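For reference, coords_36.txt (compact mmCIF, C-alpha atoms):
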```
# COMPACT_ATOMS: atom_id res chain seq x y z
CA MET A 215 53.39 59.64 75.52
CA ARG A 216 51.23 62.39 76.88
CA GLN A 217 49.83 60.28 79.69
CA THR A 218 53.30 59.25 80.86
CA GLY A 219 54.37 62.86 80.79
CA LEU A 220 51.50 63.94 82.98
CA LEU A 221 52.08 61.02 85.30
CA SER A 222 55.65 62.21 85.80
CA LEU A 223 54.41 65.72 86.45
CA ALA A 224 51.94 64.48 89.00
CA VAL A 225 54.54 62.38 90.79
CA LEU A 226 56.97 65.29 90.87
CA ALA A 227 54.32 67.64 92.21
CA VAL A 228 53.32 65.20 94.92
CA ALA A 229 56.95 64.72 95.98
CA ALA A 230 57.64 68.46 96.03
CA CYS A 231 54.67 69.26 98.26
CA ALA A 232 55.42 66.50 100.79
CA PRO A 233 51.77 65.58 101.24
CA LYS A 234 50.25 63.36 103.89
CA PRO A 235 51.75 59.87 103.76
CA ALA A 236 48.50 58.33 102.58
CA GLU A 237 48.18 60.48 99.49
CA PRO A 238 51.04 59.41 97.22
CA PRO A 239 50.14 55.70 97.37
CA ALA A 240 46.52 56.59 96.64
CA ALA A 241 47.57 58.61 93.62
CA ALA A 242 49.89 55.87 92.48
CA ALA A 243 47.18 53.26 92.86
CA ILE A 244 44.86 55.22 90.62
CA ALA A 245 47.55 56.04 88.11
CA THR A 246 48.83 52.52 87.66
CA VAL A 247 47.03 50.07 85.45
CA ASP A 248 47.48 46.66 86.96
CA GLN A 249 48.11 44.76 83.75
CA ALA A 250 48.49 41.45 85.57
CA ALA A 251 45.12 41.81 87.30
CA VAL A 252 43.42 42.73 84.04
CA LYS A 253 45.06 39.79 82.31
CA THR A 254 43.84 37.48 85.08
CA ALA A 255 40.31 38.84 84.66
CA MET A 256 40.40 38.39 80.89
CA ASP A 257 41.88 34.90 81.31
CA SER A 258 38.92 34.04 83.52
CA ILE A 259 36.42 35.30 80.93
CA ARG A 260 38.11 33.24 78.22
CA ALA A 261 38.09 30.13 80.41
CA ARG A 262 34.37 30.57 81.07
CA TYR A 263 33.70 31.24 77.40
CA MET A 264 35.41 27.97 76.46
CA ARG A 265 33.43 25.97 79.02
CA LEU A 266 30.12 27.59 78.07
CA GLN A 267 30.72 27.06 74.35
CA ALA A 268 31.57 23.40 74.87
CA ALA A 269 28.31 23.08 76.81
CA GLY A 270 26.38 24.89 74.09
CA ASP A 271 25.25 27.47 76.63
CA ALA A 272 24.32 30.50 74.50
CA ALA A 273 22.68 32.36 77.40
CA GLY A 274 25.77 31.84 79.52
CA ILE A 275 28.02 33.26 76.82
CA ALA A 276 25.68 36.22 76.34
CA GLY A 277 26.01 36.86 80.06
CA LEU A 278 29.75 37.36 79.65
CA PHE A 279 29.01 40.49 77.61
CA THR A 280 27.96 43.96 78.65
CA PRO A 281 24.23 44.57 78.11
CA ASP A 282 25.02 46.45 74.89
CA GLY A 283 27.87 44.14 73.89
CA GLY A 284 28.29 42.95 70.35
CA ILE A 285 29.64 40.11 68.23
CA ASP A 286 30.71 40.06 64.61
CA PHE A 287 31.44 36.53 63.41
CA PHE A 288 32.27 35.73 59.82
CA GLU A 289 29.22 34.44 57.96
CA ALA A 290 26.88 35.35 60.82
CA PRO A 291 24.69 38.44 61.10
CA PRO A 292 25.90 41.12 63.51
CA MET A 293 24.72 40.47 67.07
CA ARG A 294 24.11 43.52 69.24
CA GLY A 295 22.96 43.23 72.83
CA ARG A 296 22.73 40.17 75.07
CA ALA A 297 19.40 38.98 73.67
CA ALA A 298 20.70 39.10 70.10
CA ILE A 299 23.93 37.39 71.13
CA GLU A 300 22.02 34.59 72.82
CA ALA A 301 19.66 34.18 69.86
CA GLY A 302 22.48 34.30 67.32
CA LEU A 303 24.63 31.78 69.16
CA LYS A 304 21.65 29.51 69.79
CA ALA A 305 20.90 29.50 66.07
CA GLY A 306 24.52 28.66 65.31
CA PHE A 307 24.67 25.91 67.93
CA GLY A 308 21.48 24.48 66.43
CA MET A 309 23.23 24.03 63.10
CA ARG A 310 26.58 22.93 64.47
CA LYS A 311 26.79 21.40 67.90
CA PRO A 312 29.88 22.78 69.61
CA THR A 313 32.08 20.15 71.21
CA SER A 314 35.17 22.08 72.21
CA LEU A 315 36.83 25.45 71.95
CA GLU A 316 40.39 26.42 72.68
CA ILE A 317 41.11 30.13 72.84
CA VAL A 318 44.62 31.50 73.07
CA ALA A 319 45.30 35.16 73.75
CA THR A 320 48.44 36.40 72.04
CA ALA A 321 48.22 39.97 73.32
CA THR A 322 46.38 41.68 76.17
CA ASN A 323 46.52 45.39 76.73
CA ALA A 324 44.72 47.28 79.47
CA VAL A 325 44.60 50.85 78.25
CA ASN A 326 43.16 52.02 81.55
CA PRO A 327 41.80 50.25 84.67
CA SER A 328 38.41 49.72 83.06
CA THR A 329 39.15 49.08 79.39
CA ALA A 330 41.21 46.31 77.84
CA ALA A 331 41.76 44.86 74.40
CA GLU A 332 42.86 41.36 73.51
CA LEU A 333 43.56 39.41 70.40
CA GLY A 334 44.50 35.84 69.67
CA THR A 335 43.68 32.58 67.97
CA TYR A 336 41.17 29.79 68.44
CA HIS A 337 40.50 26.19 67.52
CA GLU A 338 36.86 25.21 67.49
CA MET A 339 35.35 21.74 67.07
CA ASP A 340 31.72 21.27 66.08
CA SER A 341 29.65 18.23 65.33
CA VAL A 342 27.26 18.08 62.37
CA LYS A 343 25.38 14.83 61.84
CA GLY A 344 28.04 12.92 63.71
CA LYS A 345 30.93 14.43 61.79
CA THR A 346 33.49 16.63 63.46
CA TYR A 347 34.45 19.93 61.92
CA HIS A 348 37.47 21.96 62.95
CA ALA A 349 38.00 25.66 62.48
CA TRP A 350 41.14 27.60 63.27
CA GLY A 351 40.91 31.35 63.33
CA ARG A 352 41.69 34.72 64.79
CA TRP A 353 39.73 36.98 67.14
CA VAL A 354 39.86 40.41 68.75
CA THR A 355 37.87 41.60 71.73
CA SER A 356 37.44 44.49 74.09
CA GLY A 357 36.88 44.04 77.81
CA VAL A 358 35.13 46.53 80.03
CA ARG A 359 35.03 46.68 83.83
CA ASP A 360 31.51 47.55 84.87
CA SER A 361 30.29 49.55 87.86
CA THR A 362 30.37 46.42 90.06
CA GLY A 363 34.04 45.88 89.26
CA ALA A 364 33.35 42.80 87.16
CA TRP A 365 34.95 42.46 83.76
CA ARG A 366 32.76 41.76 80.76
CA LEU A 367 33.23 41.55 77.05
CA GLY A 368 32.18 44.66 75.18
CA TYR A 369 32.82 43.40 71.70
CA LEU A 370 34.11 40.31 69.90
CA MET A 371 35.06 39.80 66.27
CA ALA A 372 36.37 36.55 64.83
CA PHE A 373 36.93 34.77 61.55
CA PRO A 374 38.27 31.35 60.60
CA ASP A 375 41.51 31.03 58.65
CA SER A 376 41.09 27.38 57.82
CA THR A 377 38.61 24.58 58.32
CA ARG A 378 38.77 20.79 58.15
CA GLN A 379 36.36 17.91 58.43
CA ASP A 380 37.43 14.70 60.14
CA LYS A 381 36.97 11.52 58.09
CA MET B 64 31.71 54.64 82.51
CA PRO B 65 33.78 54.84 85.71
CA ILE B 66 36.99 56.71 84.89
CA ARG B 67 37.53 55.84 81.28
CA GLY B 68 40.16 58.07 79.76
CA ALA B 69 40.25 60.55 82.63
CA PHE B 70 43.67 59.70 84.00
CA PRO B 71 45.85 62.54 82.78
CA SER B 72 43.49 65.17 84.16
CA LEU B 73 42.81 63.13 87.25
CA LEU B 74 46.52 62.83 87.98
CA LEU B 75 47.10 66.53 87.68
CA GLY B 76 44.06 67.12 89.86
CA LEU B 77 45.45 64.81 92.52
CA ALA B 78 48.85 66.47 92.34
CA VAL B 79 47.31 69.91 92.87
CA VAL B 80 45.19 68.65 95.74
CA ALA B 81 48.28 67.14 97.33
CA CYS B 82 49.74 70.66 97.72
CA LYS B 83 46.79 71.77 99.85
CA PRO B 84 46.63 69.52 102.92
CA GLU B 85 43.65 71.40 104.38
CA ALA B 86 41.52 70.94 101.32
CA PRO B 87 38.77 68.31 101.28
CA PRO B 88 39.77 64.82 100.20
CA PRO B 89 40.37 64.55 96.47
CA VAL B 90 37.31 63.75 94.47
CA ALA B 91 37.80 61.59 91.43
CA VAL B 92 36.30 63.95 88.90
CA ASP B 93 35.36 62.17 85.72
CA LEU B 94 36.57 64.74 83.27
CA PRO B 95 34.86 63.77 80.04
CA VAL B 96 36.63 62.60 76.99
CA ASP B 97 35.67 64.81 74.08
CA SER B 98 33.84 62.06 72.21
CA THR B 99 32.60 64.46 69.56
CA ALA B 100 36.13 65.52 68.71
CA VAL B 101 37.35 61.92 68.73
CA LYS B 102 34.54 60.81 66.41
CA ALA B 103 35.14 63.79 64.13
CA GLY B 104 38.86 62.99 64.00
CA VAL B 105 38.19 59.36 63.15
CA ALA B 106 35.54 60.29 60.55
CA ASP B 107 38.02 62.62 58.89
CA TYR B 108 40.57 59.85 59.04
CA TRP B 109 38.33 57.48 57.08
CA GLN B 110 37.63 60.15 54.47
CA ARG B 111 41.34 60.55 53.87
CA TRP B 112 41.74 56.78 53.91
CA THR B 113 39.18 56.21 51.18
CA ALA B 114 40.64 59.08 49.14
CA ALA B 115 44.10 57.47 49.37
CA GLU B 116 42.72 54.07 48.35
CA ILE B 117 40.74 55.45 45.42
CA SER B 118 43.75 57.36 44.16
CA GLY B 119 45.96 54.29 44.68
CA ASN B 120 48.32 56.32 46.85
CA THR B 121 50.01 53.57 48.81
CA ALA B 122 52.53 55.98 50.34
CA ALA B 123 49.65 57.92 51.86
CA MET B 124 48.06 54.67 52.98
CA ALA B 125 51.30 53.70 54.70
CA GLU B 126 51.51 57.09 56.39
CA MET B 127 48.03 56.50 57.82
CA VAL B 128 48.99 53.48 59.91
CA ASP B 129 50.98 53.32 63.12
CA ASP B 130 54.61 52.19 62.81
CA SER B 131 53.73 49.03 64.74
CA VAL B 132 50.34 48.45 63.15
CA ARG B 133 48.83 44.97 63.09
CA ILE B 134 46.27 44.09 60.45
CA ASP B 135 44.27 40.88 60.65
CA ASN B 136 42.52 40.58 57.33
CA LYS B 137 40.72 37.35 56.45
CA GLY B 138 42.57 35.67 53.64
CA SER B 139 46.02 36.93 54.47
CA ALA B 140 48.60 36.39 57.18
CA PRO B 141 48.81 39.03 59.90
CA ILE B 142 50.41 42.20 58.56
CA LEU B 143 52.87 43.61 61.06
CA GLY B 144 54.30 47.09 60.75
CA LYS B 145 54.06 49.95 58.32
CA ALA B 146 56.54 48.57 55.75
CA GLN B 147 54.70 45.25 55.52
CA TRP B 148 51.43 47.10 55.12
CA GLN B 149 52.76 49.28 52.31
CA SER B 150 54.14 46.24 50.52
CA PHE B 151 50.79 44.44 50.94
CA ALA B 152 48.85 47.48 49.73
CA GLU B 153 51.07 47.82 46.66
CA SER B 154 50.52 44.20 45.66
CA MET B 155 46.81 44.39 46.54
CA LEU B 156 46.27 47.42 44.32
CA LYS B 157 48.37 46.17 41.41
CA GLY B 158 45.95 45.97 38.49
CA VAL B 159 43.04 46.87 40.72
CA ASP B 160 41.26 50.20 40.72
CA VAL B 161 39.26 51.10 43.78
CA LEU B 162 36.28 52.92 42.31
CA ALA B 163 34.40 53.66 45.48
CA GLU B 164 34.55 52.90 49.16
CA THR B 165 32.13 53.71 51.93
CA ILE B 166 33.00 53.10 55.56
CA THR B 167 30.09 53.16 57.97
CA PRO B 168 30.97 53.07 61.67
CA ASP B 169 28.60 51.14 63.90
CA ILE B 170 29.98 51.80 67.36
CA THR B 171 32.77 54.22 68.27
CA ILE B 172 34.17 54.23 71.79
CA ALA B 173 36.37 57.17 72.66
CA VAL B 174 38.62 55.40 75.14
CA SER B 175 40.55 58.62 75.58
CA ASN B 176 41.12 61.77 73.57
CA GLU B 177 43.91 59.90 71.80
CA LEU B 178 42.41 56.44 71.35
CA ALA B 179 39.22 55.20 69.74
CA TYR B 180 37.82 51.70 69.38
CA GLN B 181 35.49 51.38 66.46
CA ASN B 182 33.63 48.68 64.60
CA GLY B 183 31.54 49.04 61.51
CA GLY B 184 30.99 48.01 57.94
CA TYR B 185 32.42 48.84 54.56
CA VAL B 186 31.41 48.61 50.94
CA GLU B 187 34.17 48.66 48.36
CA THR B 188 33.77 48.61 44.60
CA THR B 189 36.79 47.67 42.55
CA MET B 190 37.63 47.15 38.89
CA SER B 191 40.06 44.44 37.86
CA ASN B 192 40.49 42.94 34.39
CA LYS B 193 37.48 44.97 33.29
CA LYS B 194 35.38 43.27 35.95
CA LYS B 195 33.64 45.30 38.54
CA THR B 196 32.98 43.75 41.94
CA THR B 197 31.60 45.05 45.18
CA ASP B 198 32.70 43.73 48.56
CA TYR B 199 30.59 44.06 51.66
CA GLY B 200 32.47 43.59 54.91
CA ARG B 201 32.97 44.43 58.54
CA TYR B 202 35.89 45.76 60.57
CA ALA B 203 37.00 46.41 64.13
CA ALA B 204 39.78 48.90 64.72
CA ALA B 205 41.84 50.72 67.31
CA ILE B 206 42.75 54.14 66.00
CA ARG B 207 45.26 56.28 67.84
CA LYS B 208 46.13 59.93 67.68
CA GLY B 209 49.86 60.49 67.58
CA SER B 210 51.85 63.27 69.20
CA ASP B 211 51.72 65.02 65.81
CA GLY B 212 47.93 65.20 66.12
CA LYS B 213 47.33 62.71 63.30
CA TRP B 214 45.08 59.69 63.72
CA ARG B 215 46.49 56.36 62.59
CA ILE B 216 45.31 52.77 62.67
CA ARG B 217 47.04 50.84 65.42
CA TYR B 218 45.07 47.67 64.86
CA ILE B 219 42.39 46.51 62.48
CA MET B 220 40.59 43.23 61.86
CA ALA B 221 38.41 42.96 58.78
CA PHE B 222 36.58 40.40 56.72
CA SER B 223 34.39 40.50 53.66
CA ASP B 224 30.94 38.95 54.10
CA SER B 225 30.04 38.85 50.46
CA THR B 226 31.41 39.74 47.08
CA VAL B 227 29.01 40.69 44.32
CA ALA B 228 30.14 40.85 40.71
CA ALA B 229 28.52 43.52 38.57
CA LYS B 230 26.84 42.18 35.40
```

Take the structure in this file and express it as structure tokens.
Amino acid sequence: MRQTGLLSLAVLAVAACAPKPAEPPAAAAIATVDQAAVKTAMDSIRARYMRLQAAGDAAGIAGLFTPDGGIDFFEAPPMRGRAAIEAGLKAGFGMRKPTSLEIVATATNAVNPSTAAELGTYHEMDSVKGKTYHAWGRWVTSGVRDSTGAWRLGYLMAFPDSTRQDK
Amino acid sequence: MPIRGAFPSLLLGLAVVACKPEAPPPVAVDLPVDSTAVKAGVADYWQRWTAAEISGNTAAMAEMVDDSVRIDNKGSAPILGKAQWQSFAESMLKGVDVLAETITPDITIAVSNELAYQNGGYVETTMSNKKKTTDYGRYAAAIRKGSDGKWRIRYIMAFSDSTVAAK
């Protein structure tokens, strides 16, 4: 990997020049992507997403995204930008009242300290005229750390693999 | 974007600065990712992809994915790895001619000079059993440039929104 190669070069150069004590840790801190911290941040976004969806809070979910964030859900028009996300989700919640959402991440990868990608599965329960519908599916998302240091969703795509209606 | 994709250059910059103790404190220079080159590389990739699909060249299609590719395509189980993908492509194209395919990117994020996140739409016209159908769908992909300079799909999720049969 090119990046790893350059990292090694940088570390070697720093060691060879015997710089001020404060410099190598600073360089190391910038060079290292704290995967655990990113995972914690993405876990937090998912947890909030689940709560907000169960509450039918479209505006709250839109707020989890970057201002120019986007969603592509199967059988729903593309949603681009927070306003469109809120409107699109609100329309969907109007047709099917969300009752619960479980999201499981199966892989999280922070490619650098401000960009991450995740994918996983979900189980969603909605209520339509008193009947409960289940959907199980897959999703992929990108996370972006903004200028305030907060993580937000940049993009989300999802589709259901199977659906069922309770009797 | 804070320091997206700037790490290799940043690291070398830090290493050089470390050799000059009297120099001013290192400034985190946001050396830009060459987005134009990344987008051009990915655009060229899709051109070759559609050419391989139209010619039914599954070996070329296999060569165009990462060894550890993951493909989440609605209607099929996750496809993991190049060999699984080639096997899937061979069975998918058996008795099916891809007549035309257009891939239209919506958003392309050059995460680094070697990694792009992209989402967009596709239109694919196929002929099977003398029936012509056109699929309209969406995709989200991570496309990576290998050490050999070739772009390959590392991950892709896709679903078809509608299928229209020609009369």

Open item on the list: Using Å and a single decimal, report how far CA of Met127 (chain B) sits from CA of Gly283 (chain A).
Closed with: 28.6 Å

- [ ] Rank nothing, just name the residue among A:Thr280, A:Trp350, A:Lys345, A:Met309 nearest to Gly295 (chain A), using all atoms listed in the file.
- [x]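 Closest to Gly295 (chain A), using all atoms listed in the file: A:Thr280.
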
- [ ] Could you please determine the separation between CA of Gly306 (chain A) and CA of Arg262 (chain A) in Å, to one decimal place?
- [x]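 That distance, rounded to one decimal, is 18.7 Å.
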
Task: Between CA of Asp160 (chain B) and CA of Met190 (chain B), distance in Å (one decimal) - done: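 Pair CA of Asp160 (chain B) / CA of Met190 (chain B) returns 5.1 Å.
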
Open item on the list: At a cut-off of 8 Å, using all atoms listed in the file, what residues contact Pro327 (chain A)? Leave out same-chain residues fewer than 2 positions from it and give the result as a ChimeraX atom specification.
Closed with: /A:246-248,252,324-325,329-330,359 /B:67

- [ ] May I have the residues within 6 Å of Arg352 (chain A) as an MDAnalysis selection string, using all atoms listed in the file and disregarding those fewer than 6 positions away in the same chain?
- [x] chainID A and resid 334:335 372:373

Expected residue set, 12 Å radius at (23.5, 41.3, 67.8), all atoms listed in the file, as an mmCIF file with C-alpha atoms, in the coordinates of the input:
```cif
data_model
loop_
_atom_site.group_PDB
_atom_site.id
_atom_site.type_symbol
_atom_site.label_atom_id
_atom_site.label_comp_id
_atom_site.auth_asym_id
_atom_site.auth_seq_id
_atom_site.Cartn_x
_atom_site.Cartn_y
_atom_site.Cartn_z
ATOM 1 C CA ALA A 276 25.680 36.220 76.340
ATOM 2 C CA PHE A 279 29.010 40.490 77.610
ATOM 3 C CA PRO A 281 24.230 44.570 78.110
ATOM 4 C CA ASP A 282 25.020 46.450 74.890
ATOM 5 C CA GLY A 283 27.870 44.140 73.890
ATOM 6 C CA GLY A 284 28.290 42.950 70.350
ATOM 7 C CA ILE A 285 29.640 40.110 68.230
ATOM 8 C CA ASP A 286 30.710 40.060 64.610
ATOM 9 C CA PHE A 287 31.440 36.530 63.410
ATOM 10 C CA ALA A 290 26.880 35.350 60.820
ATOM 11 C CA PRO A 291 24.690 38.440 61.100
ATOM 12 C CA PRO A 292 25.900 41.120 63.510
ATOM 13 C CA MET A 293 24.720 40.470 67.070
ATOM 14 C CA ARG A 294 24.110 43.520 69.240
ATOM 15 C CA GLY A 295 22.960 43.230 72.830
ATOM 16 C CA ARG A 296 22.730 40.170 75.070
ATOM 17 C CA ALA A 297 19.400 38.980 73.670
ATOM 18 C CA ALA A 298 20.700 39.100 70.100
ATOM 19 C CA ILE A 299 23.930 37.390 71.130
ATOM 20 C CA GLU A 300 22.020 34.590 72.820
ATOM 21 C CA ALA A 301 19.660 34.180 69.860
ATOM 22 C CA GLY A 302 22.480 34.300 67.320
ATOM 23 C CA LEU A 303 24.630 31.780 69.160
ATOM 24 C CA GLY A 368 32.180 44.660 75.180
ATOM 25 C CA TYR A 369 32.820 43.400 71.700
ATOM 26 C CA LEU A 370 34.110 40.310 69.900
ATOM 27 C CA MET A 371 35.060 39.800 66.270
ATOM 28 C CA ASP B 169 28.600 51.140 63.900
#
```

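Comparing the minimum interatomic distances between Gly274 (chain A) and each of A:Glu289, A:Glu332, A:Asp375, A:Lys304, counting only C-alpha atoms, we find that A:Lys304 sits nearest.
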
Task: Nearest residue to Ser118 (chain B) from the set B:Ala205, B:Ile219, B:Leu178, B:Val161 (distances using all atoms listed in the file) - done: B:Val161

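When only C-alpha atoms are used to measure the gap to Val318 (chain A), the shortest distance among A:Met264, A:Asp360, A:His348, A:Gly270 belongs to A:Met264.
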
Task: Pick from B:Ala163, B:Ala146, B:Val227, B:Ala203, whichever lies nearest to chain A using all atoms listed in the file - done: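 Counting all atoms listed in the file, the residue closest to chain A is B:Ala203.
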
- [ ] With a distance cut-off of 12 Å and only C-alpha atoms, select the neighbouring residues of Ile317 (chain A), excluding the residue or stretch itself and same-chain residues fewer than 4 positions from it, and output the selection as a PyMOL selection string.
- [x] chain A and resi 256-265+267-268+332-339+349-355+372

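Distances here use all atoms listed in the file; by that measure, the residue among A:Ala305, A:Leu367, A:Ala250, A:Ala272 closest to Asn323 (chain A) is A:Ala250.
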